[in-house]
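Below you'll find the structure, written out as structure tokens, and then a few comments.
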Amino acid sequence: MIVLIAPEEDVLNEIGLLNKLFQNGLECFHLRKPLKSYQQHVEYLNQIDIKYHNKIVVHDHHKLINEYNLKGIHFQEQKRIDHIDNPGQYFKPLNMFGKTISSSFHDPEVLADCEFEFDYHLLSPIFNSISKQGYQGQGFDVNHIDKYIIGMGGINSKNISETLQLGYKGIGILGAIWNTKDPVNSFITLKQSYNQS
């Protein structure tokens, strides 16, 4: 599984590139735009071809799951800490049938000890981050954790097999796509490397 995270700041022709990424086999896109309002999220989603909405996971404004045929919702670390202790209340107003619930972690032991059953977990940083300066990789080995974990942080086409050897079931990418001159070709190359790993 390859998870592509949205760039926090909009990039030139982002929606056009995103539609092309979906055309080229992107299965899971995390819409993470913490500075955008609910209305700006609506405007963003409305520009994406409707047939791809079921590949999109939202990080903020989870009630969008009631308005669009989205893939699921994601909890950043702090939001998970704030809400998952009493999940029944949080999910009551959300139409979550058949949808995914995922969360971000930065410590493998916290992930291992988490009692809530997420569909998948993002763990970072594995390698030195491409998109965040000074974000040092930890090389977490998760072979001992029996959960679906996606490795993130500094992942590119050259270190995918190393990531999978560390026990990850998939990869999360951001800088390896959005920080390149040609995001679509970068994704195609990376997807080929992933399929061969």
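Residues are referred to by chain and number: the chain letter is A, B, ... according to the order shown in the structure tokens, the number counts from 1 in that chain, and ligands are numbered separately from 1 in the order shown.
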
Quiz item: Contacts of His53 in chain A at 10 Å or less, counting only C-alpha atoms, minus same-chain residues fewer than 6 places along, as a PyMOL selection string?
Solution: chain A and resi 28-29+45-46+68-71

Quiz item: Near range 141-155 of chain A, within 9 Å and counting only C-alpha atoms, which residues show up once chain neighbours fewer than 4 positions away are dropped, as a ChimeraX atom specification?
Solution: /A:1-3,108-109,111-112,117-132,135-137,159-160,163-176

Save out the residues we just selected, C-alpha atoms, as a compact mmCIF listing (two decimals), in the first residue's frame.
# COMPACT_ATOMS: atom_id res chain seq x y z
CA MET A 1 0.00 0.00 0.00
CA ILE A 2 1.31 3.43 -0.97
CA VAL A 3 -0.12 6.41 0.92
CA PRO A 108 6.61 2.17 17.91
CA GLU A 109 5.91 1.19 21.53
CA LEU A 111 1.69 2.15 18.56
CA ALA A 112 2.10 -1.41 19.86
CA GLU A 117 -8.01 -1.04 16.41
CA PHE A 118 -7.06 1.24 13.54
CA ASP A 119 -7.20 -0.13 9.99
CA TYR A 120 -3.62 1.06 9.50
CA HIS A 121 -1.02 3.15 11.31
CA LEU A 122 1.48 5.71 9.96
CA LEU A 123 4.80 5.57 11.83
CA SER A 124 7.54 8.15 11.29
CA PRO A 125 10.31 9.12 10.84
CA ILE A 126 11.99 6.04 9.37
CA PHE A 127 14.67 7.93 7.43
CA ASN A 128 15.69 11.60 7.39
CA SER A 129 12.70 13.56 6.13
CA ILE A 130 12.69 14.97 2.59
CA SER A 131 9.99 17.58 3.31
CA LYS A 132 10.90 18.58 6.90
CA TYR A 135 13.68 15.65 10.99
CA GLN A 136 16.05 12.78 11.76
CA GLY A 137 15.20 9.20 10.82
CA ASN A 159 15.05 2.66 0.20
CA ILE A 160 11.65 0.98 -0.29
CA THR A 163 11.60 -0.14 4.60
CA LEU A 164 9.67 -3.35 3.91
CA GLN A 165 12.46 -5.42 5.52
CA LEU A 166 11.92 -3.38 8.71
CA GLY A 167 8.44 -4.91 8.88
CA TYR A 168 6.27 -2.24 7.23
CA LYS A 169 3.26 -3.29 5.15
CA GLY A 170 3.41 -0.16 3.02
CA ILE A 171 4.97 3.27 2.56
CA GLY A 172 3.83 6.82 3.15
CA ILE A 173 5.31 9.50 0.91
CA LEU A 174 5.24 13.27 0.64
CA GLY A 175 8.53 14.94 -0.30
CA ALA A 176 9.54 12.14 -2.73

Exercise. May I have the residues within 12 Å of Gly25 in chain A as a VMD selection string, using only C-alpha atoms and disregarding those fewer than 3 positions away in the same chain?
Key: chain A and resid 1 to 4 18 to 22 28 to 29 52 55 184 to 185 187 to 192 195

Quiz prompt | One-decimal distance in Å that lies between CA of Val11 in chain A and CA of Ile177 in chain A | solution = 11.3 Å

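For the set A:Glu27, A:Glu77, A:Glu8, A:Glu162, the residue with the smallest atom-to-atom gap to Asp107 in chain A is A:Glu77, counting only C-alpha atoms.
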
Please report, as an mmCIF file with all heavy atoms, in the first residue's frame, each residue of range 140-193 of chain A to which DSSP assigns strand (DSSP E or B) when run on this structure's backbone.
data_model
loop_
_atom_site.group_PDB
_atom_site.id
_atom_site.type_symbol
_atom_site.label_atom_id
_atom_site.label_comp_id
_atom_site.auth_asym_id
_atom_site.auth_seq_id
_atom_site.Cartn_x
_atom_site.Cartn_y
_atom_site.Cartn_z
ATOM 1 N N ILE A 149 1.220 -1.510 9.593
ATOM 2 C CA ILE A 149 1.966 -0.262 9.789
ATOM 3 C C ILE A 149 2.569 0.216 8.475
ATOM 4 O O ILE A 149 3.198 -0.554 7.741
ATOM 5 C CB ILE A 149 3.089 -0.447 10.839
ATOM 6 C CG1 ILE A 149 2.511 -1.052 12.140
ATOM 7 C CG2 ILE A 149 3.777 0.889 11.133
ATOM 8 C CD1 ILE A 149 3.560 -1.427 13.167
ATOM 9 N N ILE A 150 2.360 1.497 8.210
ATOM 10 C CA ILE A 150 2.906 2.158 7.024
ATOM 11 C C ILE A 150 4.092 3.001 7.489
ATOM 12 O O ILE A 150 3.948 3.832 8.390
ATOM 13 C CB ILE A 150 1.856 3.109 6.384
ATOM 14 C CG1 ILE A 150 0.542 2.379 6.108
ATOM 15 C CG2 ILE A 150 2.416 3.819 5.161
ATOM 16 C CD1 ILE A 150 0.471 1.560 4.886
ATOM 17 N N GLY A 151 5.260 2.781 6.881
ATOM 18 C CA GLY A 151 6.442 3.562 7.233
ATOM 19 C C GLY A 151 6.470 4.886 6.503
ATOM 20 O O GLY A 151 6.140 4.962 5.325
ATOM 21 N N MET A 152 6.869 5.940 7.214
ATOM 22 C CA MET A 152 6.949 7.280 6.621
ATOM 23 C C MET A 152 8.225 7.983 7.044
ATOM 24 O O MET A 152 8.804 7.647 8.065
ATOM 25 C CB MET A 152 5.763 8.129 7.091
ATOM 26 C CG MET A 152 4.504 7.923 6.313
ATOM 27 S SD MET A 152 3.422 9.355 6.505
ATOM 28 C CE MET A 152 4.325 10.600 5.591
ATOM 29 N N GLY A 170 3.578 -1.142 4.078
ATOM 30 C CA GLY A 170 3.411 -0.161 3.016
ATOM 31 C C GLY A 170 4.253 1.064 3.308
ATOM 32 O O GLY A 170 4.954 1.130 4.320
ATOM 33 N N ILE A 171 4.167 2.047 2.404
ATOM 34 C CA ILE A 171 4.966 3.269 2.556
ATOM 35 C C ILE A 171 4.089 4.515 2.448
ATOM 36 O O ILE A 171 3.115 4.539 1.709
ATOM 37 C CB ILE A 171 6.096 3.339 1.495
ATOM 38 C CG1 ILE A 171 5.525 3.257 0.067
ATOM 39 C CG2 ILE A 171 7.121 2.246 1.731
ATOM 40 C CD1 ILE A 171 6.512 3.599 -1.034
ATOM 41 N N GLY A 172 4.470 5.519 3.222
ATOM 42 C CA GLY A 172 3.831 6.824 3.149
ATOM 43 C C GLY A 172 4.834 7.802 2.557
ATOM 44 O O GLY A 172 5.995 7.809 2.949
ATOM 45 N N ILE A 173 4.391 8.583 1.596
ATOM 46 C CA ILE A 173 5.307 9.498 0.909
ATOM 47 C C ILE A 173 4.723 10.905 0.834
ATOM 48 O O ILE A 173 3.511 11.082 0.805
ATOM 49 C CB ILE A 173 5.640 8.984 -0.521
ATOM 50 C CG1 ILE A 173 4.360 8.565 -1.247
ATOM 51 C CG2 ILE A 173 6.646 7.837 -0.471
ATOM 52 C CD1 ILE A 173 4.537 8.181 -2.692
#

Practice problem: Could you find all residues in range 1-194 of chain A that DSSP calls alpha helix (DSSP H) from the backbone, and write them as a PyMOL selection string? | Solution: chain A and resi 14-23+38-47+64-67+77-83+87-91+108-113+160-165+175-178+183-194

Quiz item: For Phe140 in chain A, which residue out of A:Lys36, A:Tyr194, A:Phe105, A:Gly88 is the nearest one, using only C-alpha atoms?
Solution: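 Going through A:Lys36, A:Tyr194, A:Phe105, A:Gly88 one by one, the smallest distance to Phe140 in chain A is for A:Phe105.
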
Quiz prompt | Nearest to Pro34 in chain A by atom-to-atom distance, counting only C-alpha atoms, from A:Gly16, A:His61, A:Gly134, A:Gln47 | solution =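 Of A:Gly16, A:His61, A:Gly134, A:Gln47, the one nearest Pro34 in chain A is A:His61, counting only C-alpha atoms.
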
Quiz item: So what do you get for CA of Asp49 in chain A versus CA of Ile73 in chain A, distance-wise?
Solution: 19.1 Å

Quiz item: Any idea what's packed within 12 Å of Ile84 in chain A, counting only C-alpha atoms, ignoring anything in its chain fewer than 3 positions away? Could you give it as a ChimeraX atom specification?
Solution: /A:74-81,87-91,101-103,114-118

Practice problem: Show which residues sit within 8 Å of Met96 in chain A, as a list in words. Count only C-alpha atoms, and ignore same-chain residues fewer than 4 positions away. | Solution: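 Here the answer would be Ile65, Gly72, Phe91 and Thr100 of chain A.
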
Quiz item: If you measure from CA of Pro7 in chain A to CA of Asp113 in chain A, what distance in Å do you get, rounded to one decimal?
Solution: 29.7 Å
